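*Asks:* File start.tsv follows (TSV, C-alpha atoms and all ligand atoms):
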```tsv
chain	number	residue	atom	x	y	z
A	1	MET	CA	64.33	-147.68	186.07
A	2	SER	CA	62.21	-145.59	183.71
A	3	LEU	CA	59.57	-147.01	181.42
A	4	GLU	CA	59.87	-146.76	177.66
A	5	PRO	CA	56.85	-145.02	176.09
A	6	SER	CA	55.50	-148.35	174.86
A	7	GLN	CA	55.65	-149.73	178.43
A	8	ALA	CA	53.93	-146.78	180.04
A	9	LEU	CA	50.73	-147.41	181.91
A	10	PRO	CA	47.63	-146.87	179.75
A	11	ARG	CA	45.81	-143.62	180.31
A	12	ALA	CA	42.42	-144.06	181.88
A	13	ALA	CA	39.54	-142.83	179.74
A	14	THR	CA	37.14	-140.40	181.30
A	15	GLN	CA	34.61	-137.76	180.35
A	16	LEU	CA	34.44	-134.01	180.49
A	17	ARG	CA	31.20	-132.02	180.45
A	18	VAL	CA	31.73	-128.86	178.41
A	19	ASN	CA	28.95	-126.51	177.35
A	20	GLY	CA	26.36	-129.17	178.16
A	21	THR	CA	28.00	-131.88	176.04
A	22	VAL	CA	29.89	-134.84	177.44
A	23	HIS	CA	33.22	-135.46	175.68
A	24	PRO	CA	35.35	-138.58	176.11
A	25	ILE	CA	38.97	-137.71	176.90
A	26	SER	CA	42.01	-139.61	178.04
A	27	LEU	CA	42.89	-138.73	181.59
A	28	ASP	CA	46.42	-137.46	181.99
A	29	ARG	CA	46.46	-135.37	185.14
A	30	ASP	CA	49.50	-133.43	183.95
A	31	ARG	CA	47.52	-131.81	181.15
A	32	SER	CA	45.96	-128.46	181.76
A	33	LEU	CA	42.26	-127.91	181.17
A	34	LEU	CA	43.27	-125.20	178.68
A	35	TYR	CA	45.25	-127.72	176.61
A	36	VAL	CA	42.36	-130.18	176.52
A	37	LEU	CA	39.82	-127.51	175.56
A	38	ARG	CA	41.91	-126.04	172.76
A	39	GLU	CA	43.90	-128.98	171.41
A	40	GLU	CA	41.57	-131.92	171.98
A	41	LEU	CA	38.10	-130.40	171.84
A	42	GLY	CA	38.87	-127.60	169.39
A	43	LEU	CA	37.37	-124.91	171.63
A	44	THR	CA	39.84	-122.20	170.68
A	45	GLY	CA	37.73	-119.36	172.06
A	46	THR	CA	39.59	-119.97	175.30
A	47	LYS	CA	42.91	-118.17	174.84
A	48	TYR	CA	46.47	-119.03	175.76
A	49	GLY	CA	48.07	-115.89	177.11
A	50	CYS	CA	50.77	-116.31	179.74
A	51	GLY	CA	50.23	-119.96	180.61
A	52	GLU	CA	51.15	-119.12	184.20
A	53	GLY	CA	47.91	-117.93	185.80
A	54	GLU	CA	48.75	-114.25	185.46
A	55	CYS	CA	46.63	-112.78	182.63
A	56	GLY	CA	43.14	-114.32	182.80
A	57	ALA	CA	42.87	-114.87	179.02
A	58	CYS	CA	42.18	-118.56	179.62
A	59	LYS	CA	39.32	-118.20	182.08
A	60	VAL	CA	36.36	-120.55	181.83
A	61	LEU	CA	33.47	-121.22	184.20
A	62	ILE	CA	33.56	-124.27	186.43
A	63	ASP	CA	30.13	-124.73	187.99
A	64	GLY	CA	29.57	-121.05	187.26
A	65	VAL	CA	32.78	-119.75	188.82
A	66	ALA	CA	35.58	-118.27	186.68
A	67	VAL	CA	38.88	-120.15	186.90
A	68	ARG	CA	42.17	-119.98	184.98
A	69	SER	CA	42.18	-123.07	182.82
A	70	CYS	CA	45.94	-122.89	182.12
A	71	VAL	CA	46.74	-123.75	185.73
A	72	THR	CA	43.81	-126.12	186.30
A	73	PRO	CA	44.69	-129.82	185.92
A	74	VAL	CA	42.00	-131.51	183.89
A	75	GLY	CA	41.70	-134.24	186.49
A	76	GLU	CA	40.33	-131.70	188.97
A	77	VAL	CA	37.29	-130.83	186.86
A	78	VAL	CA	36.03	-134.24	185.81
A	79	GLY	CA	32.37	-134.44	186.84
A	80	ARG	CA	32.02	-130.64	186.99
A	81	SER	CA	30.15	-128.41	184.56
A	82	ILE	CA	32.53	-126.41	182.33
A	83	THR	CA	31.41	-123.42	180.29
A	84	THR	CA	33.61	-121.78	177.68
A	85	ILE	CA	32.88	-118.67	175.66
A	86	GLU	CA	31.41	-120.90	172.93
A	87	GLY	CA	28.72	-122.10	175.34
A	88	LEU	CA	27.54	-118.77	176.68
A	89	ALA	CA	24.98	-117.73	174.07
A	90	GLU	CA	21.63	-119.48	173.86
A	91	GLY	CA	21.17	-120.22	170.19
A	92	ASP	CA	21.25	-116.89	168.37
A	93	ARG	CA	20.73	-114.93	171.59
A	94	LEU	CA	23.93	-113.60	173.10
A	95	HIS	CA	24.42	-113.64	176.85
A	96	PRO	CA	23.65	-110.16	178.27
A	97	VAL	CA	27.33	-109.67	179.13
A	98	GLN	CA	28.37	-110.51	175.56
A	99	GLN	CA	25.80	-108.04	174.27
A	100	ALA	CA	27.01	-105.37	176.69
A	101	PHE	CA	30.61	-105.81	175.46
A	102	ILE	CA	29.40	-105.29	171.89
A	103	ASP	CA	27.22	-102.32	172.82
A	104	GLU	CA	30.15	-100.64	174.60
A	105	GLY	CA	32.74	-101.62	171.97
A	106	ALA	CA	34.70	-103.18	174.82
A	107	PHE	CA	37.42	-104.84	172.74
A	108	GLN	CA	40.12	-104.00	170.24
A	109	CYS	CA	42.10	-107.11	169.25
A	110	GLY	CA	39.68	-109.25	171.28
A	111	PHE	CA	42.32	-111.58	172.69
A	112	CYS	CA	41.42	-110.88	176.31
A	113	THR	CA	37.68	-110.71	175.64
A	114	PRO	CA	36.58	-114.31	176.33
A	115	GLY	CA	38.33	-114.26	179.70
A	116	MET	CA	36.97	-110.81	180.48
A	117	ILE	CA	33.42	-111.85	179.64
A	118	LEU	CA	33.54	-115.07	181.63
A	119	ALA	CA	35.04	-113.28	184.64
A	120	SER	CA	32.22	-110.74	184.37
A	121	VAL	CA	29.57	-113.45	184.11
A	122	SER	CA	31.00	-115.12	187.20
A	123	LEU	CA	30.98	-111.82	189.12
A	124	LEU	CA	27.41	-110.86	188.18
A	125	ALA	CA	26.08	-114.35	188.95
A	126	ARG	CA	27.12	-114.01	192.58
A	127	ASN	CA	26.76	-110.24	192.83
A	128	PRO	CA	24.25	-108.82	190.31
A	129	ARG	CA	24.84	-105.16	191.28
A	130	PRO	CA	28.48	-104.89	192.23
A	131	SER	CA	30.07	-101.74	193.56
A	132	GLU	CA	32.93	-100.06	191.71
A	133	GLY	CA	35.40	-101.64	194.10
A	134	GLU	CA	33.85	-105.06	193.71
A	135	ILE	CA	34.12	-104.82	189.91
A	136	ARG	CA	37.76	-103.80	190.19
A	137	ALA	CA	38.53	-106.61	192.62
A	138	ALA	CA	36.80	-109.24	190.50
A	139	MET	CA	38.57	-108.16	187.31
A	140	ASP	CA	41.96	-107.63	188.91
A	141	GLY	CA	43.41	-110.83	187.43
A	142	ASN	CA	42.36	-110.07	183.85
A	143	LEU	CA	44.83	-108.14	181.69
A	144	CYS	CA	44.09	-106.25	178.46
A	145	ARG	CA	47.18	-105.49	176.41
A	146	CYS	CA	45.14	-103.01	174.35
A	147	GLY	CA	44.33	-100.98	177.44
A	148	GLY	CA	40.58	-101.27	176.96
A	149	TYR	CA	39.73	-101.26	180.64
A	150	LEU	CA	37.47	-98.22	180.54
A	151	ARG	CA	35.08	-99.72	178.01
A	152	ILE	CA	35.30	-103.14	179.63
A	153	PHE	CA	34.23	-101.66	182.95
A	154	GLN	CA	31.44	-99.72	181.23
A	155	ALA	CA	30.25	-102.98	179.66
A	156	ILE	CA	30.10	-104.64	183.06
A	157	ARG	CA	28.14	-101.68	184.42
A	158	ARG	CA	25.78	-101.89	181.44
A	159	ALA	CA	25.24	-105.63	181.95
A	160	ALA	CA	24.51	-104.98	185.62
A	161	GLN	CA	22.25	-102.06	184.65
A	162	LEU	CA	24.31	-99.70	186.75
A	163	PRO	CA	24.55	-96.04	185.77
A	164	GLU	CA	27.42	-95.09	183.49
A	165	LYS	CA	30.44	-93.67	185.24
A	166	VAL	CA	30.13	-89.98	184.47
A	167	ASP	CA	33.77	-88.97	184.99
A	168	GLY	CA	35.03	-91.88	182.88
A	169	GLY	CA	37.85	-92.29	185.36
A	170	ALA	CA	40.45	-94.99	185.05
A	171	PRO	CA	39.26	-98.40	186.22
A	201	LIG	S1	46.88	-118.01	180.01
A	201	LIG	FE1	45.98	-118.59	181.87
A	201	LIG	S2	46.20	-116.86	183.17
A	201	LIG	FE2	47.29	-116.33	181.35
A	202	LIG	S1	41.25	-106.06	173.50
A	202	LIG	FE1	43.31	-106.61	172.93
A	202	LIG	S2	44.09	-107.55	174.75
A	202	LIG	FE2	42.18	-106.73	175.36
```
Could you write out this structure as structure tokens?
*Replies:*
Amino acid sequence: MSLEPSQALPRAATQLRVNGTVHPISLDRDRSLLYVLREELGLTGTKYGCGEGECGACKVLIDGVAVRSCVTPVGEVVGRSITTIEGLAEGDRLHPVQQAFIDEGAFQCGFCTPGMILASVSLLARNPRPSEGEIRAAMDGNLCRCGGYLRIFQAIRRAAQLPEKVDGGAP
């Protein structure tokens, strides 16, 4: 026997800490974190790309580590610290990775940029001076439909204060 909508069990209320602010939300474990961020909290800087964990456009930081919010059930991140692109700057001061992306012109349409920046922040937090291979490995799950990888990788090198890649080779 299935329940009619009006008979369904009430959703438990809970809280989500996003960008340092606690938000009340209803807890439906089937909802993705991406859905809650965009549709309930209005944080549309986090992008919906593939919805299947393949493109990285939806990445946010959970306790400082980049995760794909489209495949993260919201119930798994209650009590954790969530950072979206809207929470990265401190007042008027951009995060160094944001500034590096601007300085290198590392975007065209900008759709992939929030996910790229948060993946970069996550990488540099655990590995402040990554090797070329470590940058490639960390960014492997982030796709740019505009093909802006060269500038994106230069921006990461700039943020890490690594020398520019002289040959400008493909990432
Ligand atoms: S929208 Fe989440 S990985 Fe593509
Ligand atoms: S800048 Fe357009 S998808 Fe990356």
*Asks:* Ligand LIG 201 (chain A), all listed atoms, 5 Å padding on each side: what axis-aligned box centre and edge lengths in Å to one decimal come out, as AutoDock Vina command-line options?
*Replies:*
```
--center_x 46.6 --center_y -117.5 --center_z 181.6 --size_x 11.3 --size_y 12.3 --size_z 13.2
```
*Asks:* Please provide the set of residues having any atom within 8 Å of region 58-63 of chain A, restricted to all atoms listed in the file, with same-chain residues fewer than 5 positions apart removed, written as a list in words.
*Replies:*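 In the requested format, the answer is Leu34, Thr46, Lys47, Tyr48, Gly49, Arg68, Ser69, Cys70, Val77, Arg80, Ser81, Ile82, Thr83, Thr84, Ile85, Pro114, Gly115, Met116, Leu118, Ala119 and Ser122 of chain A.
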*Asks:* Between CA of His95 (chain A) and CA of Ala155 (chain A), measure the distance and give it in Å to one decimal.
*Replies:*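 Result for CA of His95 (chain A) versus CA of Ala155 (chain A): 12.5 Å, one decimal.
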*Asks:* With 9 Å as the cut-off and only C-alpha atoms and all ligand atoms counted, what is the closest atom pair between each nearby residue of chain A and ligand LIG 202 (chain A)? Distances in Å to one decimal, ordered by chain and number, as a tab-separated table.
*Replies:*
```
residue	atom	partner	partner_atom	distance
A:Ala57	CA	A:LIG202	S2	8.6
A:Ala106	CA	A:LIG202	S1	7.3
A:Phe107	CA	A:LIG202	S1	4.1
A:Gln108	CA	A:LIG202	S1	4.0
A:Cys109	CA	A:LIG202	FE1	3.9
A:Gly110	CA	A:LIG202	S1	4.2
A:Phe111	CA	A:LIG202	S2	4.9
A:Cys112	CA	A:LIG202	FE2	4.3
A:Thr113	CA	A:LIG202	FE2	6.0
A:Met116	CA	A:LIG202	FE2	8.4
A:Leu143	CA	A:LIG202	S2	7.0
A:Cys144	CA	A:LIG202	FE2	3.7
A:Arg145	CA	A:LIG202	S2	4.1
A:Cys146	CA	A:LIG202	FE1	4.3
A:Gly147	CA	A:LIG202	FE2	6.5
A:Gly148	CA	A:LIG202	FE2	5.9
A:Tyr149	CA	A:LIG202	FE2	8.0
A:Ile152	CA	A:LIG202	FE2	8.9
```
*Asks:* Nearest to Val97 (chain A) among A:Pro73, A:Gly133, A:Pro128, A:Gly53, with distances taken over all atoms listed in the file: which residue is it?
*Replies:* A:Pro128
*Asks:* Separation of CA of Arg129 (chain A) and CA of Ile156 (chain A), in Å?
*Replies:*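 Separating CA of Arg129 (chain A) from CA of Ile156 (chain A) is a distance of 9.8 Å.
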*Asks:* Pick the closest to ligand LIG 201 (chain A) from A:Arg38, A:Arg136, A:Arg151, A:Arg17: which is it, counting only C-alpha atoms and all ligand atoms?
*Replies:* A:Arg38
*Asks:* Determine the nearest neighbour of ligand LIG 201 (chain A) from the options A:Thr14, A:Gln154, A:Ser32, A:Asn127, counting all atoms listed in the file.
*Replies:* A:Ser32
*Asks:* Which value, in Å to one decimal, gives the distance between CA of His23 (chain A) and CA of Glu40 (chain A)?
*Replies:*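 These atoms are spaced 9.8 Å apart.
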*Asks:* Of the residues A:Gly51, A:Gly42, A:Gly91, A:Gly64, which is the one nearest to Arg126 (chain A), using only C-alpha atoms?
*Replies:* A:Gly64
*Asks:* Kindly indicate which residue among A:Leu150, A:Ala138, A:Leu33, A:Leu41 lies nearest to ligand LIG 201 (chain A), using all atoms listed in the file for the distances.
*Replies:*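 For ligand LIG 201 (chain A), the nearest of the given residues is A:Leu33.
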*Asks:* Pick from A:Gly79, A:Gly141, A:Pro96, A:Gly45: nearest to ligand LIG 201 (chain A), with all atoms listed in the file counted?
*Replies:*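 Ranked by minimum distance to ligand LIG 201 (chain A), first place goes to A:Gly141.
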*Asks:* Can you tell me, as an mmCIF file with C-alpha atoms, in the coordinates of the input, what residues are no more than 10 Å from Gln99 (chain A) when counting only C-alpha atoms, ignoring any on the same chain fewer than 5 positions away?
*Replies:*
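Full text of part-v6.cif as output:
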```cif
data_model
loop_
_atom_site.group_PDB
_atom_site.id
_atom_site.type_symbol
_atom_site.label_atom_id
_atom_site.label_comp_id
_atom_site.auth_asym_id
_atom_site.auth_seq_id
_atom_site.Cartn_x
_atom_site.Cartn_y
_atom_site.Cartn_z
ATOM 1 C CA ALA A 89 24.980 -117.730 174.070
ATOM 2 C CA ARG A 93 20.730 -114.930 171.590
ATOM 3 C CA LEU A 94 23.930 -113.600 173.100
ATOM 4 C CA GLU A 104 30.150 -100.640 174.600
ATOM 5 C CA GLY A 105 32.740 -101.620 171.970
ATOM 6 C CA ALA A 155 30.250 -102.980 179.660
ATOM 7 C CA ARG A 158 25.780 -101.890 181.440
ATOM 8 C CA ALA A 159 25.240 -105.630 181.950
#
```
